[in-house]
Number of protein chains: 2
Amino acid sequence: MTGMTRVTPLSAPPDERWARAALCRYCAPGDPSVAALVRAKGPVAALADLRNSAPLRERFEAALVDRDLTELDRLGGRLVVPGDEEWPVRLDALATAPRVGGRRTAEPFALWVRGPLALDDATARSVAIVGSRAATSYGEHIGGELAAGLAERGWTVVSGGAYGIDAASHRGALAVGGRTVVVLAGGCDVLYPPRNATLLERILATGLVLSEVPPGFASMRERFLSRNRIVAGLARGTVIVEAGPRSGALNTAGHTLAVNHPLCAVPGPVTSFSSAGCNALIRRDSARLVTTAAEVLEEIAPVGEVLALPLAGPSGVRDDLPAIARRLLDAVPSRRAVSADRLAGKAGLTVPEAWRLLGVLQDHGLVEHAEQGWVLTDLGRQPSGAAARQAAAGDVGADIPGGGSGVAD
Amino acid sequence: MTGMTRVTPLSAPPDERWARAALCRYCAPGDPSVAALVRAKGPVAALADLRNSAPLRERFEAALVDRDLTELDRLGGRLVVPGDEEWPVRLDALATAPRVGGRRTAEPFALWVRGPLALDDATARSVAIVGSRAATSYGEHIGGELAAGLAERGWTVVSGGAYGIDAASHRGALAVGGRTVVVLAGGCDVLYPPRNATLLERILATGLVLSEVPPGFASMRERFLSRNRIVAGLARGTVIVEAGPRSGALNTAGHTLAVNHPLCAVPGPVTSFSSAGCNALIRRDSARLVTTAAEVLEEIAPVGEVLALPLAGPSGVRDDLPAIARRLLDAVPSRRAVSADRLAGKAGLTVPEAWRLLGVLQDHGLVEHAEQGWVLTDLGRQPSGAAARQAAAGDVGADIPGGGSGVAD
């Protein structure tokens, strides 16, 4: 799943690359007025303008920009800029996103990238998993589980490398040999926080470590906030695992909504400070409640790839399954467990496709994962006609998990 | 708050009362075809029809019905039937509700009621709080807290008297001297489950214990399921505190949706079996996530009584407050704590009204409850103009709790 190496064509011309590197050094990350100037005039002319006026006229040193690029080269990294094939075009949505937390936002001037993956490929199917540094063991457990589940299905986990949820998520992806991308607030050689340095080194070896500021730049408060928009902008969607009522993770949530990406949150005890932000996001309909990797993909994976089944629709679930999912469901033997690999073969799917579809079928209570493999549930064994008849009778209980169970209180 | 005693006018004629008592003895609770017959012909003619055909022709004994009514009288209870002033008309919605869990449903023939409150008054402002018998200490804690919070605000807590969440909710209401109503599956003298007998005796003294089956009838599986529809039908809305994926509490959830009452659920850890049903209800948009009594009332209290504030609306919260809430907010001193009683006096509200509004203001982050009383938050201290300006700028962060906090991750 890892190890996608590719010689990246450098489509953007060298003078633009150099100008963008200079903007990274001399302007605040994502400064909206500078970004607007770059959009209007291109980076070379924009930099020329800035160099002609205060305060840059006095401070600018071209040699420092050269040194940044040399240092990046020494680190084995590369500058990725708009126009490069590796540039993740999804980030461009930051240019037109509304304010978040009172601040205007903008796309980064460039990204300083280290690691063996191509950034556009690695993030094409990616989920941001973030949360409080002050995480509980519950939160770290869930962050790791979600990340592992997503990585197993071929999705890349993007996060911020911080203590707590971020680190647990990166670790969860690595644990299953999956791909993970860390967006640092400081330079891509500043492995911060220090106690996560070993983790970050491991990510460097198989994933990507990137930043919008040059090597050597320190992790500062302002840079954490601007970093969050890149995490939200790079991934297809974001999961907040734990967040206190004023946690920085909610800033990432705001950026996710600002770029119109799906936002998910993991619920937690109402007595837990660390879940208060997540519960509030769900309560306000800002985020969809998720409990498993399969549920995350229901929200985040592109339409058509994951099946958007009706969640509480009027008709029988089985009847509404797309043909490909019905075929997979039909491939599950009625009384025996079977592996996903075998099912993939029977249904004419790739193994990752089968896993993804099995997750969806599982969410709808049609199959479950037993020790020996996948098995049909009682519901999954029902012929589709039964579901249709029940639906025709307007059965409210059919919409409620267990509503039809007849179990006494 | 308790002790509302009233001589109930017996509006329904005696022969109808007797016929309904007989239907309770001889027909299954809420049998939809019998209920339809009663609706079409009235209870006296319906009973006559049934007595003329098998199997009732052979089994019917009028003396047993007399004995049931005498026993109820001896217990100090009364039969409450449609047409009585005490009849809670909200229950009539059960007559037209769709199926729940595959079963048709119907209004009860009559209710066998014990306790010092008038049933219609006691349930006019009431919330059902239910959940698993196999509750965790988390669930019991939250059930008790929500019940106490609702009871303090003058709301009645309706539940089923079962172990776990039900019992914790009844206890929470009693603990603050509030009102609580228990709907039993067996007769109103069958204090089931036995280990809750002391609790049920306490409810008898200040609240209501009721059933749709005559005294002495045992608590049977079928009766638990039909009991659930009365819990859901009596209360204005329902909160599910904990429910496993196939818990009977989800049957009550189904009945709540079937009668179109608001359904709330308390979130819990995704690792907790006992929260799986609640999390699923929220995820499917069947239930609204709630964490506090004030949030429950936002969903359940009648429009106009509790203020439906915009939760993530485009304009400043303070600007959207109804006049009465702004008046209360203006009564809170800017740097000092103050009691709800004092605030009520200053704002020209009753104390329960003030508590209710304070709960809403608290949910919107404008006030908070400190040790010495109510205080303004930073947000509550902001002049309304600031909120308006922020809103005009299209600030996404304003929609997110803490989104504007600028706290680094």
# chains A, B, ... in the order shown; residues from 1 in each chain; ligands from 1

$ select_by_dssp --residues "region 152-398 of chain A" --states "strand (DSSP E)" --output "ChimeraX atom specification"
/A:156-159,180-183,208-211,237-240,263-265,288-289,367-370,373-376

$ select_by_dssp --residues "region 49-94 of chain A" --states "alpha helix (DSSP H)" --output "list in words"
Asp49, Leu50, Arg51, Leu56, Arg57, Glu58, Arg59, Ala62, Ala63, Leu64, Val65, Asp66, Arg67, Asp68, Leu69, Thr70, Glu71, Leu72, Asp73 and Arg74 of chain A

$ residues_around --residues "Arg78 (chain A)" --least-positions-apart "3" --cutoff "9 Å" --atoms "only C-alpha atoms" --output "ChimeraX atom specification"
/A:69,72-73,75,111-114

$ write_last_selection --atoms "N, CA, C and O atoms" --output "mmCIF file, in the first residue's frame"
data_model
loop_
_atom_site.group_PDB
_atom_site.id
_atom_site.type_symbol
_atom_site.label_atom_id
_atom_site.label_comp_id
_atom_site.auth_asym_id
_atom_site.auth_seq_id
_atom_site.Cartn_x
_atom_site.Cartn_y
_atom_site.Cartn_z
ATOM 1 N N LEU A 69 16.353 26.662 0.047
ATOM 2 C CA LEU A 69 16.148 25.653 -0.994
ATOM 3 C C LEU A 69 17.280 24.626 -0.977
ATOM 4 O O LEU A 69 17.049 23.436 -1.215
ATOM 5 N N LEU A 72 16.573 22.312 1.873
ATOM 6 C CA LEU A 72 15.513 21.364 1.525
ATOM 7 C C LEU A 72 16.092 20.224 0.679
ATOM 8 O O LEU A 72 15.778 19.046 0.889
ATOM 9 N N ASP A 73 16.927 20.617 -0.251
ATOM 10 C CA ASP A 73 17.567 19.647 -1.120
ATOM 11 C C ASP A 73 18.424 18.671 -0.301
ATOM 12 O O ASP A 73 18.370 17.455 -0.503
ATOM 13 N N LEU A 75 17.977 17.851 2.689
ATOM 14 C CA LEU A 75 17.080 16.988 3.461
ATOM 15 C C LEU A 75 16.405 15.928 2.586
ATOM 16 O O LEU A 75 15.654 15.092 3.074
ATOM 17 N N LEU A 111 4.529 24.253 -0.785
ATOM 18 C CA LEU A 111 4.669 23.276 0.293
ATOM 19 C C LEU A 111 6.071 22.683 0.247
ATOM 20 O O LEU A 111 6.582 22.358 -0.835
ATOM 21 N N TRP A 112 6.693 22.583 1.391
ATOM 22 C CA TRP A 112 8.021 21.996 1.545
ATOM 23 C C TRP A 112 7.813 20.563 1.990
ATOM 24 O O TRP A 112 7.340 20.329 3.100
ATOM 25 N N VAL A 113 8.160 19.633 1.105
ATOM 26 C CA VAL A 113 7.698 18.260 1.269
ATOM 27 C C VAL A 113 8.860 17.274 1.361
ATOM 28 O O VAL A 113 9.800 17.334 0.563
ATOM 29 N N ARG A 114 8.769 16.374 2.323
ATOM 30 C CA ARG A 114 9.737 15.270 2.447
ATOM 31 C C ARG A 114 8.995 13.953 2.513
ATOM 32 O O ARG A 114 7.950 13.866 3.150
#

$ residues_around --residues "Asp15 (chain A)" --least-positions-apart "4" --cutoff "10 Å" --atoms "only C-alpha atoms" --output "PDB file with all heavy atoms, in the first residue's frame"
ATOM      1  N   ALA A  19      10.372  32.347  -6.415  1.00  0.00           N
ATOM      2  CA  ALA A  19       9.560  33.436  -5.844  1.00  0.00           C
ATOM      3  C   ALA A  19       8.649  32.896  -4.755  1.00  0.00           C
ATOM      4  O   ALA A  19       8.478  33.515  -3.696  1.00  0.00           O
ATOM      5  CB  ALA A  19       8.732  34.107  -6.945  1.00  0.00           C
ATOM      6  N   ARG A  20       8.082  31.743  -5.007  1.00  0.00           N
ATOM      7  CA  ARG A  20       7.179  31.164  -3.995  1.00  0.00           C
ATOM      8  C   ARG A  20       7.955  30.788  -2.729  1.00  0.00           C
ATOM      9  O   ARG A  20       7.461  30.977  -1.621  1.00  0.00           O
ATOM     10  CB  ARG A  20       6.431  29.966  -4.571  1.00  0.00           C
ATOM     11  CG  ARG A  20       5.346  30.369  -5.567  1.00  0.00           C
ATOM     12  CD  ARG A  20       4.561  29.176  -6.089  1.00  0.00           C
ATOM     13  NE  ARG A  20       3.434  29.616  -6.906  1.00  0.00           N
ATOM     14  CZ  ARG A  20       2.251  29.984  -6.428  1.00  0.00           C
ATOM     15  NH1 ARG A  20       2.025  29.958  -5.124  1.00  0.00           N
ATOM     16  NH2 ARG A  20       1.296  30.382  -7.240  1.00  0.00           N
ATOM     17  N   ALA A  21       9.157  30.248  -2.917  1.00  0.00           N
ATOM     18  CA  ALA A  21       9.982  29.936  -1.747  1.00  0.00           C
ATOM     19  C   ALA A  21      10.256  31.198  -0.938  1.00  0.00           C
ATOM     20  O   ALA A  21      10.197  31.195   0.296  1.00  0.00           O
ATOM     21  CB  ALA A  21      11.292  29.271  -2.185  1.00  0.00           C
ATOM     22  N   PRO A  43       3.495  34.773  -8.992  1.00  0.00           N
ATOM     23  CA  PRO A  43       4.405  34.909  -7.852  1.00  0.00           C
ATOM     24  C   PRO A  43       5.614  35.806  -8.122  1.00  0.00           C
ATOM     25  O   PRO A  43       6.070  36.497  -7.224  1.00  0.00           O
ATOM     26  CB  PRO A  43       4.829  33.463  -7.569  1.00  0.00           C
ATOM     27  CG  PRO A  43       4.516  32.693  -8.803  1.00  0.00           C
ATOM     28  CD  PRO A  43       3.374  33.396  -9.475  1.00  0.00           C
ATOM     29  N   VAL A  44       6.112  35.809  -9.358  1.00  0.00           N
ATOM     30  CA  VAL A  44       7.329  36.577  -9.632  1.00  0.00           C
ATOM     31  C   VAL A  44       7.052  38.068  -9.511  1.00  0.00           C
ATOM     32  O   VAL A  44       7.757  38.800  -8.789  1.00  0.00           O
ATOM     33  CB  VAL A  44       7.887  36.220 -11.033  1.00  0.00           C
ATOM     34  CG1 VAL A  44       9.115  37.061 -11.348  1.00  0.00           C
ATOM     35  CG2 VAL A  44       8.222  34.717 -11.099  1.00  0.00           C
TER      36      VAL A  44
END

$ residues_around --residues "Gly186 (chain B)" --least-positions-apart "4" --cutoff "12 Å" --atoms "only C-alpha atoms" --output "ChimeraX atom specification"
/B:24-25,29,111-112,160-162,182,190-193,209-227

$ residues_around --residues "Thr136 (chain B)" --least-positions-apart "4" --cutoff "9 Å" --atoms "only C-alpha atoms" --output "list in words"
Ser132, Glu140, His141, Gly164, Ile165, Glu242, Ser272 and Ser274 of chain B

$ residues_around --residues "Gly144 (chain B)" --least-positions-apart "2" --cutoff "6 Å" --atoms "only C-alpha atoms" --output "list in words"
His141, Ile142, Leu146, Ala147, Ala168, Ser169 and Gly172 of chain B

$ closest_residue --among "A:Ser159, A:Thr206, A:Thr292, A:Asn260" --to "Ile230 (chain A)" --atoms "only C-alpha atoms"
A:Ser159

$ atom_distance --atom1 "CA of Leu94 (chain A)" --atom2 "CA of Val183 (chain A)"
15.7 Å

$ closest_residue --among "A:Val158, A:Val130, A:Ala151, A:Val270" --to "chain B" --atoms "only C-alpha atoms"
A:Val270

$ closest_residue --among "B:His369, B:Arg335, B:His261, B:Arg103" --to "chain A" --atoms "only C-alpha atoms"
B:Arg103

$ decode --residues "region 9-42 of chain A" --atoms "N, CA and C atoms" --output "short mmCIF file (atom, residue, chain, number, x, y, z; two decimals), in the first residue's frame"
data_model
loop_
_atom_site.label_atom_id
_atom_site.label_comp_id
_atom_site.auth_asym_id
_atom_site.auth_seq_id
_atom_site.Cartn_x
_atom_site.Cartn_y
_atom_site.Cartn_z
N PRO A 9 7.21 15.53 -12.30
CA PRO A 9 7.55 16.57 -13.28
C PRO A 9 7.43 17.94 -12.63
N LEU A 10 8.42 18.76 -12.83
CA LEU A 10 8.39 20.10 -12.25
C LEU A 10 7.82 21.05 -13.30
N SER A 11 6.52 21.15 -13.33
CA SER A 11 5.88 21.92 -14.39
C SER A 11 6.05 23.42 -14.19
N ALA A 12 6.05 23.87 -12.93
CA ALA A 12 6.14 25.30 -12.70
C ALA A 12 7.55 25.78 -13.02
N PRO A 13 7.70 26.92 -13.68
CA PRO A 13 9.03 27.40 -14.07
C PRO A 13 9.88 27.77 -12.85
N PRO A 14 11.21 27.67 -12.99
CA PRO A 14 12.12 27.87 -11.86
C PRO A 14 11.98 29.23 -11.18
N ASP A 15 11.73 30.30 -11.95
CA ASP A 15 11.64 31.61 -11.30
C ASP A 15 10.39 31.70 -10.41
N GLU A 16 9.32 31.04 -10.82
CA GLU A 16 8.11 31.00 -9.99
C GLU A 16 8.36 30.23 -8.71
N ARG A 17 9.06 29.11 -8.85
CA ARG A 17 9.36 28.29 -7.68
C ARG A 17 10.17 29.10 -6.67
N TRP A 18 11.16 29.80 -7.21
CA TRP A 18 12.03 30.57 -6.33
C TRP A 18 11.23 31.69 -5.64
N ALA A 19 10.37 32.35 -6.42
CA ALA A 19 9.56 33.44 -5.84
C ALA A 19 8.65 32.90 -4.75
N ARG A 20 8.08 31.74 -5.01
CA ARG A 20 7.18 31.16 -4.00
C ARG A 20 7.96 30.79 -2.73
N ALA A 21 9.16 30.25 -2.92
CA ALA A 21 9.98 29.94 -1.75
C ALA A 21 10.26 31.20 -0.94
N ALA A 22 10.51 32.28 -1.66
CA ALA A 22 10.78 33.56 -0.99
C ALA A 22 9.54 34.05 -0.22
N LEU A 23 8.36 33.90 -0.85
CA LEU A 23 7.13 34.32 -0.17
C LEU A 23 6.93 33.51 1.12
N CYS A 24 7.28 32.22 1.06
CA CYS A 24 7.15 31.38 2.26
C CYS A 24 8.04 31.92 3.39
N ARG A 25 9.23 32.40 3.02
CA ARG A 25 10.14 32.90 4.05
C ARG A 25 9.71 34.27 4.57
N TYR A 26 9.21 35.12 3.67
CA TYR A 26 9.06 36.52 4.07
C TYR A 26 7.63 36.96 4.38
N CYS A 27 6.65 36.13 4.08
CA CYS A 27 5.27 36.52 4.38
C CYS A 27 4.65 35.55 5.38
N ALA A 28 3.64 36.02 6.09
CA ALA A 28 2.95 35.14 7.03
C ALA A 28 2.26 34.03 6.24
N PRO A 29 2.27 32.80 6.77
CA PRO A 29 1.65 31.68 6.05
C PRO A 29 0.21 32.02 5.68
N GLY A 30 -0.09 31.87 4.41
CA GLY A 30 -1.46 32.09 3.97
C GLY A 30 -1.95 33.51 4.15
N ASP A 31 -1.05 34.49 4.14
CA ASP A 31 -1.49 35.89 4.23
C ASP A 31 -2.44 36.18 3.07
N PRO A 32 -3.69 36.54 3.36
CA PRO A 32 -4.68 36.61 2.27
C PRO A 32 -4.39 37.71 1.26
N SER A 33 -3.81 38.82 1.70
CA SER A 33 -3.59 39.88 0.70
C SER A 33 -2.42 39.52 -0.21
N VAL A 34 -1.39 38.89 0.36
CA VAL A 34 -0.29 38.43 -0.49
C VAL A 34 -0.80 37.36 -1.46
N ALA A 35 -1.62 36.43 -0.93
CA ALA A 35 -2.15 35.37 -1.80
C ALA A 35 -2.95 35.98 -2.95
N ALA A 36 -3.71 37.03 -2.66
CA ALA A 36 -4.51 37.67 -3.71
C ALA A 36 -3.60 38.31 -4.75
N LEU A 37 -2.53 38.91 -4.27
CA LEU A 37 -1.56 39.54 -5.18
C LEU A 37 -0.93 38.48 -6.09
N VAL A 38 -0.58 37.32 -5.49
CA VAL A 38 0.02 36.23 -6.27
C VAL A 38 -0.97 35.74 -7.31
N ARG A 39 -2.24 35.62 -6.90
CA ARG A 39 -3.25 35.17 -7.85
C ARG A 39 -3.39 36.15 -9.00
N ALA A 40 -3.32 37.45 -8.69
CA ALA A 40 -3.54 38.48 -9.71
C ALA A 40 -2.35 38.61 -10.65
N LYS A 41 -1.13 38.57 -10.10
CA LYS A 41 0.06 38.91 -10.91
C LYS A 41 1.01 37.75 -11.14
N GLY A 42 0.74 36.65 -10.46
CA GLY A 42 1.74 35.57 -10.49
C GLY A 42 2.78 35.82 -9.42
#
